[in-house]
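*Asks:* Got a file for you: entry20.cif, mmCIF, C-alpha atoms and all ligand atoms.
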data_coords
#
loop_
_atom_site.label_atom_id
_atom_site.label_comp_id
_atom_site.auth_asym_id
_atom_site.auth_seq_id
_atom_site.Cartn_x
_atom_site.Cartn_y
_atom_site.Cartn_z
CA MET A 1 1.70 15.43 17.68
CA ILE A 2 -0.69 17.84 16.00
CA THR A 3 1.20 20.81 14.57
CA ILE A 4 -0.20 24.34 14.34
CA LYS A 5 0.81 26.32 11.26
CA SER A 6 1.49 30.03 11.15
CA PRO A 7 -0.48 32.23 8.75
CA ARG A 8 2.68 32.39 6.60
CA GLU A 9 2.92 28.60 6.46
CA ILE A 10 -0.77 28.35 5.55
CA ASP A 11 -0.20 30.81 2.71
CA VAL A 12 2.65 28.63 1.40
CA MET A 13 0.36 25.59 1.57
CA ALA A 14 -2.25 27.55 -0.37
CA ARG A 15 0.33 28.26 -3.08
CA ALA A 16 1.19 24.54 -3.22
CA GLY A 17 -2.52 23.78 -3.17
CA ARG A 18 -3.21 26.07 -6.08
CA ILE A 19 -0.68 24.13 -8.16
CA VAL A 20 -2.43 20.90 -7.11
CA ALA A 21 -5.81 22.35 -8.12
CA GLU A 22 -4.50 23.53 -11.47
CA THR A 23 -2.91 20.12 -12.08
CA LEU A 24 -6.20 18.36 -11.40
CA ALA A 25 -8.07 20.82 -13.65
CA LEU A 26 -5.56 20.17 -16.42
CA LEU A 27 -5.96 16.40 -16.05
CA ARG A 28 -9.74 16.62 -15.95
CA GLY A 29 -9.51 18.14 -19.42
CA LEU A 30 -7.29 15.30 -20.66
CA VAL A 31 -9.33 12.37 -19.35
CA ARG A 32 -11.00 10.56 -22.25
CA PRO A 33 -11.34 7.01 -23.53
CA GLY A 34 -7.99 5.80 -24.92
CA ILE A 35 -5.60 7.83 -22.76
CA SER A 36 -3.30 5.91 -20.42
CA THR A 37 -2.83 6.76 -16.76
CA GLU A 38 0.91 6.99 -17.54
CA ALA A 39 0.17 9.84 -19.96
CA LEU A 40 -1.80 11.67 -17.26
CA ASP A 41 1.07 11.15 -14.83
CA ALA A 42 3.67 12.50 -17.25
CA GLU A 43 1.57 15.60 -17.91
CA ALA A 44 1.06 16.17 -14.17
CA GLU A 45 4.78 15.89 -13.36
CA ARG A 46 5.73 18.24 -16.20
CA PHE A 47 3.14 20.81 -15.09
CA ILE A 48 4.08 20.67 -11.39
CA ARG A 49 7.82 21.00 -12.08
CA SER A 50 7.16 23.99 -14.38
CA HIS A 51 6.54 25.97 -11.17
CA PRO A 52 9.87 26.99 -9.57
CA GLY A 53 10.50 24.98 -6.40
CA ALA A 54 7.44 22.76 -6.76
CA VAL A 55 7.88 18.98 -6.78
CA PRO A 56 5.39 16.10 -6.71
CA SER A 57 4.81 15.00 -3.10
CA PHE A 58 4.03 11.39 -3.94
CA LYS A 59 7.11 10.52 -5.97
CA GLY A 60 9.30 8.53 -3.57
CA LEU A 61 6.89 8.89 -0.64
CA TYR A 62 7.09 5.50 1.13
CA GLY A 63 8.68 4.34 -2.16
CA PHE A 64 5.69 5.22 -4.39
CA PRO A 65 7.04 5.49 -7.95
CA LYS A 66 4.82 8.13 -9.58
CA THR A 67 3.49 11.70 -9.37
CA LEU A 68 -0.18 10.71 -9.24
CA CYS A 69 -2.28 7.96 -7.80
CA THR A 70 -4.73 6.93 -10.52
CA SER A 71 -7.43 4.52 -9.38
CA ILE A 72 -9.96 3.17 -11.87
CA ASP A 73 -13.52 1.99 -11.06
CA GLN A 74 -13.34 -0.52 -8.16
CA GLU A 75 -9.88 0.77 -7.26
CA ILE A 76 -10.30 3.14 -4.33
CA VAL A 77 -6.85 4.71 -3.91
CA HIS A 78 -3.11 4.28 -4.57
CA GLY A 79 -3.38 2.95 -8.13
CA ILE A 80 -0.05 3.24 -9.96
CA PRO A 81 -0.07 5.03 -13.34
CA SER A 82 0.91 2.72 -16.18
CA ARG A 83 1.12 2.64 -19.97
CA ARG A 84 -0.93 -0.55 -19.78
CA ARG A 85 -3.84 1.13 -17.97
CA VAL A 86 -5.88 2.78 -20.72
CA LEU A 87 -9.11 4.53 -19.75
CA GLU A 88 -12.35 3.14 -21.17
CA ASP A 89 -15.69 4.80 -21.85
CA GLY A 90 -18.05 4.49 -18.89
CA SER A 91 -15.29 4.18 -16.27
CA VAL A 92 -14.30 6.61 -13.56
CA VAL A 93 -10.73 7.50 -12.62
CA SER A 94 -9.79 8.91 -9.23
CA ILE A 95 -6.78 11.19 -9.49
CA ASP A 96 -4.90 12.00 -6.30
CA CYS A 97 -2.11 14.59 -6.35
CA GLY A 98 0.23 16.26 -3.86
CA VAL A 99 2.68 19.13 -4.27
CA HIS A 100 5.64 20.04 -2.04
CA LEU A 101 6.66 23.70 -2.18
CA ASP A 102 8.96 25.68 0.11
CA GLY A 103 8.91 22.93 2.74
CA LEU A 104 5.16 22.32 2.88
CA HIS A 105 2.71 19.96 1.22
CA ALA A 106 -0.83 20.17 -0.18
CA ASP A 107 -3.01 17.20 -1.16
CA SER A 108 -6.20 16.90 -3.20
CA ALA A 109 -8.11 14.29 -5.17
CA THR A 110 -10.98 14.19 -7.60
CA THR A 111 -12.86 11.46 -9.42
CA VAL A 112 -13.48 12.05 -13.12
CA PRO A 113 -15.98 10.29 -15.42
CA VAL A 114 -14.47 8.83 -18.61
CA GLY A 115 -16.68 9.52 -21.62
CA HIS A 116 -20.31 8.71 -20.90
CA VAL A 117 -21.12 7.18 -17.52
CA SER A 118 -24.36 5.81 -16.09
CA ASP A 119 -26.74 7.84 -13.92
CA ASP A 120 -25.83 5.57 -11.01
CA THR A 121 -22.18 6.45 -11.46
CA THR A 122 -22.91 10.18 -11.68
CA ARG A 123 -24.90 9.95 -8.45
CA LEU A 124 -22.00 8.26 -6.64
CA LEU A 125 -19.65 11.08 -7.71
CA ASP A 126 -22.19 13.76 -6.75
CA VAL A 127 -22.85 12.28 -3.31
CA THR A 128 -19.14 11.79 -2.59
CA GLN A 129 -18.50 15.45 -3.42
CA GLN A 130 -21.44 16.45 -1.23
CA SER A 131 -20.03 14.38 1.62
CA LEU A 132 -16.68 16.17 1.28
CA ALA A 133 -18.46 19.56 1.35
CA ALA A 134 -20.38 18.50 4.47
CA GLY A 135 -17.14 17.43 6.16
CA ILE A 136 -15.38 20.68 5.26
CA ALA A 137 -18.31 22.69 6.66
CA GLU A 138 -17.65 21.11 10.08
CA ALA A 139 -13.91 21.95 9.99
CA ARG A 140 -14.31 24.92 12.29
CA LEU A 141 -13.11 26.12 15.69
CA GLY A 142 -14.77 24.43 18.64
CA ASN A 143 -15.67 21.31 16.67
CA HIS A 144 -13.82 18.02 16.92
CA VAL A 145 -12.42 15.66 14.29
CA GLY A 146 -15.45 13.43 14.92
CA ASP A 147 -17.80 16.18 13.70
CA ILE A 148 -16.12 16.03 10.28
CA GLY A 149 -16.37 12.25 9.99
CA HIS A 150 -19.91 12.23 11.24
CA ALA A 151 -20.98 14.75 8.59
CA VAL A 152 -19.30 12.77 5.79
CA GLN A 153 -20.85 9.53 7.01
CA GLU A 154 -24.37 10.99 7.29
CA VAL A 155 -24.34 12.15 3.67
CA ALA A 156 -22.78 9.00 2.21
CA GLU A 157 -24.61 6.36 4.22
CA GLY A 158 -27.82 8.40 3.97
CA ALA A 159 -27.58 7.93 0.20
CA GLY A 160 -27.10 4.18 0.64
CA TYR A 161 -23.35 4.05 0.03
CA GLY A 162 -20.46 2.51 1.95
CA VAL A 163 -17.83 4.53 3.84
CA VAL A 164 -14.33 3.05 3.72
CA ARG A 165 -12.96 2.56 7.24
CA GLU A 166 -9.41 1.30 6.65
CA LEU A 167 -8.23 4.54 5.00
CA VAL A 168 -8.64 7.99 6.51
CA GLY A 169 -7.78 11.65 6.03
CA HIS A 170 -4.85 13.19 7.87
CA GLY A 171 -3.04 16.21 9.14
CA ILE A 172 -0.63 17.66 6.58
CA GLY A 173 2.19 20.21 6.65
CA THR A 174 5.96 19.83 6.62
CA ARG A 175 5.25 16.10 6.49
CA PHE A 176 2.71 14.68 4.06
CA HIS A 177 0.95 12.58 6.68
CA GLU A 178 0.69 14.15 10.12
CA GLU A 179 -1.61 13.74 13.07
CA PRO A 180 -4.52 13.73 13.54
CA GLN A 181 -6.13 10.96 11.57
CA VAL A 182 -9.38 12.25 10.03
CA PRO A 183 -11.79 9.32 9.57
CA ASN A 184 -14.81 9.58 7.29
CA TYR A 185 -17.03 8.26 10.07
CA GLY A 186 -17.44 9.10 13.72
CA ALA A 187 -19.47 10.73 16.42
CA PRO A 188 -19.99 14.45 17.01
CA LYS A 189 -17.77 16.04 19.68
CA ARG A 190 -15.39 13.06 19.68
CA GLY A 191 -11.74 13.01 18.74
CA PRO A 192 -9.19 15.84 18.86
CA ARG A 193 -10.50 19.39 19.12
CA LEU A 194 -10.02 21.56 16.02
CA LEU A 195 -7.71 24.51 16.67
CA ALA A 196 -6.81 27.55 14.59
CA GLY A 197 -3.78 26.77 12.41
CA MET A 198 -4.45 23.05 12.04
CA THR A 199 -4.26 21.88 8.43
CA ILE A 200 -5.95 18.63 7.47
CA ALA A 201 -6.73 16.62 4.37
CA ILE A 202 -10.38 15.57 4.34
CA GLU A 203 -10.92 12.74 1.86
CA PRO A 204 -14.07 10.64 1.73
CA MET A 205 -13.64 7.28 -0.02
CA ILE A 206 -17.16 6.09 -0.81
CA THR A 207 -18.33 2.82 -2.35
CA MET A 208 -21.47 1.76 -4.17
CA GLY A 209 -21.44 -1.54 -2.31
CA SER A 210 -19.63 -2.86 0.73
CA PRO A 211 -16.91 -0.60 2.17
CA VAL A 212 -14.59 -3.54 2.85
CA THR A 213 -11.25 -3.20 1.04
CA LYS A 214 -8.37 -5.38 -0.07
CA THR A 215 -4.91 -4.53 -1.39
CA LEU A 216 -3.69 -5.96 -4.72
CA SER A 217 -0.46 -7.92 -5.18
CA ASP A 218 1.34 -4.72 -6.33
CA LYS A 219 1.18 -3.83 -2.59
CA TRP A 220 -0.28 -0.40 -3.42
CA THR A 221 -3.65 -0.51 -5.15
CA VAL A 222 -6.55 -0.66 -2.69
CA VAL A 223 -9.81 -1.99 -4.19
CA THR A 224 -13.31 -2.73 -2.95
CA ALA A 225 -13.43 -6.37 -1.85
CA ASP A 226 -16.79 -6.83 -3.61
CA GLY A 227 -15.67 -5.13 -6.84
CA SER A 228 -18.14 -2.28 -6.49
CA LEU A 229 -17.45 1.17 -7.88
CA SER A 230 -15.81 3.74 -5.61
CA ALA A 231 -15.17 7.47 -5.60
CA HIS A 232 -12.64 9.69 -3.81
CA PHE A 233 -12.65 13.46 -3.41
CA GLU A 234 -10.21 15.37 -1.22
CA HIS A 235 -9.23 18.88 -0.18
CA THR A 236 -6.56 20.23 2.13
CA VAL A 237 -8.26 22.58 4.59
CA ALA A 238 -6.95 25.04 7.20
CA ILE A 239 -8.90 25.68 10.39
CA THR A 240 -9.07 29.48 10.78
CA PRO A 241 -10.95 31.93 12.99
CA ASP A 242 -12.96 32.81 9.88
CA GLY A 243 -13.97 29.19 9.25
CA PRO A 244 -12.59 26.46 7.01
CA ARG A 245 -10.19 27.66 4.33
CA ILE A 246 -9.81 25.29 1.37
CA LEU A 247 -6.14 25.41 0.36
CA THR A 248 -6.45 23.25 -2.75
CA SER A 249 -8.78 25.38 -4.84
CA ALA A 250 -7.83 27.23 -7.99
CA ASP A 251 -9.20 30.59 -6.78
MG MG B 1 -4.52 12.70 -1.60
MG MG B 2 -4.58 12.66 1.59
#
Can you turn what I pasted into structure tokens?

*Replies:*
Amino acid sequence: MITIKSPREIDVMARAGRIVAETLALLRGLVRPGISTEALDAEAERFIRSHPGAVPSFKGLYGFPKTLCTSIDQEIVHGIPSRRRVLEDGSVVSIDCGVHLDGLHADSATTVPVGHVSDDTTRLLDVTQQSLAAGIAEARLGNHVGDIGHAVQEVAEGAGYGVVRELVGHGIGTRFHEEPQVPNYGAPKRGPRLLAGMTIAIEPMITMGSPVTKTLSDKWTVVTADGSLSAHFEHTVAITPDGPRILTSAD
């Protein structure tokens, strides 16, 4: 069932989303060669819990053990922070973060270069961000979920990249994952119609090579099957009469 949120609920999600955005901004400043993903996770949990009532959404969700998902290079999503995972120059790390506040969740992700990265890597990050922006621009009344996926797909595949199919965006609210599913591919005017008060996480997962995935033996980390680099950017967005409202921005 797709739930419609009241303006008050959307404002709560925006407060949760602001904490998510500030967490990601903080982490972006900490990412450098030599830091472990465990250190990033500890900093994120401390920062989130410093806000009264705010708790990390991921910790315990389906049994996930940490505050962040940290996914390095060919890892697409759901990497588990660890003292043994130390960032290296030239890598990228995708950081995914959710906050639960006053009964509602917000969810956002960003992919951060570590030290100096190649031009090819920078282009992948740029295009993935552009594909997210294109998807968000379609998150408006009268459109359908398929318009969002189609826009993401056009940008990413138009640049020669792969669009992951097995993982998709989602509705979000009192539960972290709600209906509808929001694929990063699709056809215009297909799928559920977008209504005022829907809140969805739009999250392109884009690969430099094949979009086929596999899951590692830790049962969490999803990687590209061909080992190619991947990027992941995400915002939680409300559908409003005034157009898409990004709930996970710092301003
Ligand atoms: Mg996320
Ligand atoms: Mg999400």

*Asks:* Let me see if you get this right: every residue at most 12 Å from ligand MG 1 (chain B), counting only C-alpha atoms and all ligand atoms, written as JSON, numbers by chain.

*Replies:* {"A": [17, 20, 21, 24, 56, 57, 58, 67, 68, 69, 70, 71, 76, 77, 78, 79, 94, 95, 96, 97, 98, 99, 105, 106, 107, 108, 109, 110, 111, 167, 168, 169, 170, 171, 172, 176, 177, 200, 201, 202, 203, 204, 205, 232, 233, 234, 235, 236, 248]}

*Asks:* Write out as a list in words the residues lying within 7 Å of segment 227-230 of chain A, counting all atoms listed in the file and excluding same-chain residues fewer than 4 positions away.

*Replies:*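 Selected residues are Asp73, Gln74, Glu75, Ile76, Met205, Ile206, Thr207, Met208 and Gly209 of chain A.
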
*Asks:* Report, in Å with one decimal, the straight-line distance from atom CA of Ile10 of chain A to atom CA of Gly135 of chain A.

*Replies:*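 Separating atom CA of Ile10 of chain A from atom CA of Gly135 of chain A is a distance of 19.7 Å.
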
*Asks:* Counting only C-alpha atoms, which residue out of A:Gly103, A:Pro180, A:Pro244, A:Gly186 sits closest to Glu9 of chain A?

*Replies:*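 Answer, going by the shortest atom-to-atom distance: A:Gly103.
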
*Asks:* Using only C-alpha atoms, which residues sit within 8 Å of Ala156 of chain A once same-chain residues fewer than 6 positions away are excluded, as a list in words?

*Replies:*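 The residues that qualify are Val127, Thr128, Ser131, Gly162, Val163 and Ile206 of chain A.
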
*Asks:* Output C-alpha atoms for every residue in the selection just made, as a compact mmCIF listing (two decimals), in the coordinates of the input.

*Replies:*
# COMPACT_ATOMS: atom_id res chain seq x y z
CA VAL A 127 -22.85 12.28 -3.31
CA THR A 128 -19.14 11.79 -2.59
CA SER A 131 -20.03 14.38 1.62
CA GLY A 162 -20.46 2.51 1.95
CA VAL A 163 -17.83 4.53 3.84
CA ILE A 206 -17.16 6.09 -0.81

*Asks:* Please, what distance in Å, to one decimal, runs between atom CA of Leu101 of chain A and atom CA of Thr3 of chain A?

*Replies:*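 Here the two named atoms are 17.9 Å from each other.
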
*Asks:* Using all atoms listed in the file, which protein or nucleic acid residues come within 9 Å of Pro192 of chain A? Drop anything in the same chain fewer than 3 positions from it, and give the result as a ChimeraX atom specification.

*Replies:* /A:143-146,180,189

*Asks:* Which is closest to ligand MG 2 (chain B) among A:Ala196, A:Arg175, A:Arg190, A:Asp251, if we use only C-alpha atoms and all ligand atoms?

*Replies:*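 Answer, going by the shortest atom-to-atom distance: A:Arg175.
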
*Asks:* Choose the residue, out of A:Ala16, A:Gly60, A:Arg83, A:Ala238, that has the smallest atom-to-atom separation from Gly34 of chain A; count all atoms listed in the file.

*Replies:*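 That would be A:Arg83, the residue with the smallest distance to Gly34 of chain A.
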
*Asks:* Calculate how many Å separate atom CA of Ile148 of chain A from atom CA of Thr240 of chain A, rounding to one decimal.

*Replies:* 15.2 Å

*Asks:* Ala225 of chain A: which residues within 8 Å, counting only C-alpha atoms, same-chain residues fewer than 5 positions away excluded, as a list in words?

*Replies:*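 Final neighbour list, sorted by chain and number: Ser210, Pro211, Val212, Thr213 and Lys214 of chain A.
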
*Asks:* So that I can check the surroundings of Gly142 of chain A, please list as a ChimeraX atom specification every protein, DNA and RNA residue that reaches within 7 Å of it, counting only C-alpha atoms and ignoring chain neighbours fewer than 2 positions away.

*Replies:* /A:140,144,193-194

*Asks:* Select, from A:Asp126, A:Glu166, A:Glu178, A:Glu157, the residue with the minimum atom-to-atom distance to ligand MG 2 (chain B), counting only C-alpha atoms and all ligand atoms.

*Replies:*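 With only C-alpha atoms and all ligand atoms as the atom set, the closest residue is A:Glu178.
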
*Asks:* Measuring atom to atom with all atoms listed in the file, identify which of A:Glu179, A:Asp41, A:Asp120, A:Glu22 is nearest to ligand MG 2 (chain B).

*Replies:*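 Comparing A:Glu179, A:Asp41, A:Asp120, A:Glu22 against ligand MG 2 (chain B), the winner is A:Glu179.
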
*Asks:* Hey, which of A:Gln181, A:Ser91, A:Pro241, A:Arg49 ends up closest to ligand MG 2 (chain B)? Count all atoms listed in the file.

*Replies:*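 Closest residue, counting all atoms listed in the file: A:Gln181.
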
*Asks:* For a cut-off of 6 Å around (-17.2, 11.2, 6.3), file coordinates, pick out all residues using only C-alpha atoms and list them as a list in words.

*Replies:*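 Those within range, by chain then number, are Gly149, His150, Ala151, Val152, Gln153, Asn184, Tyr185 and Pro204 of chain A.
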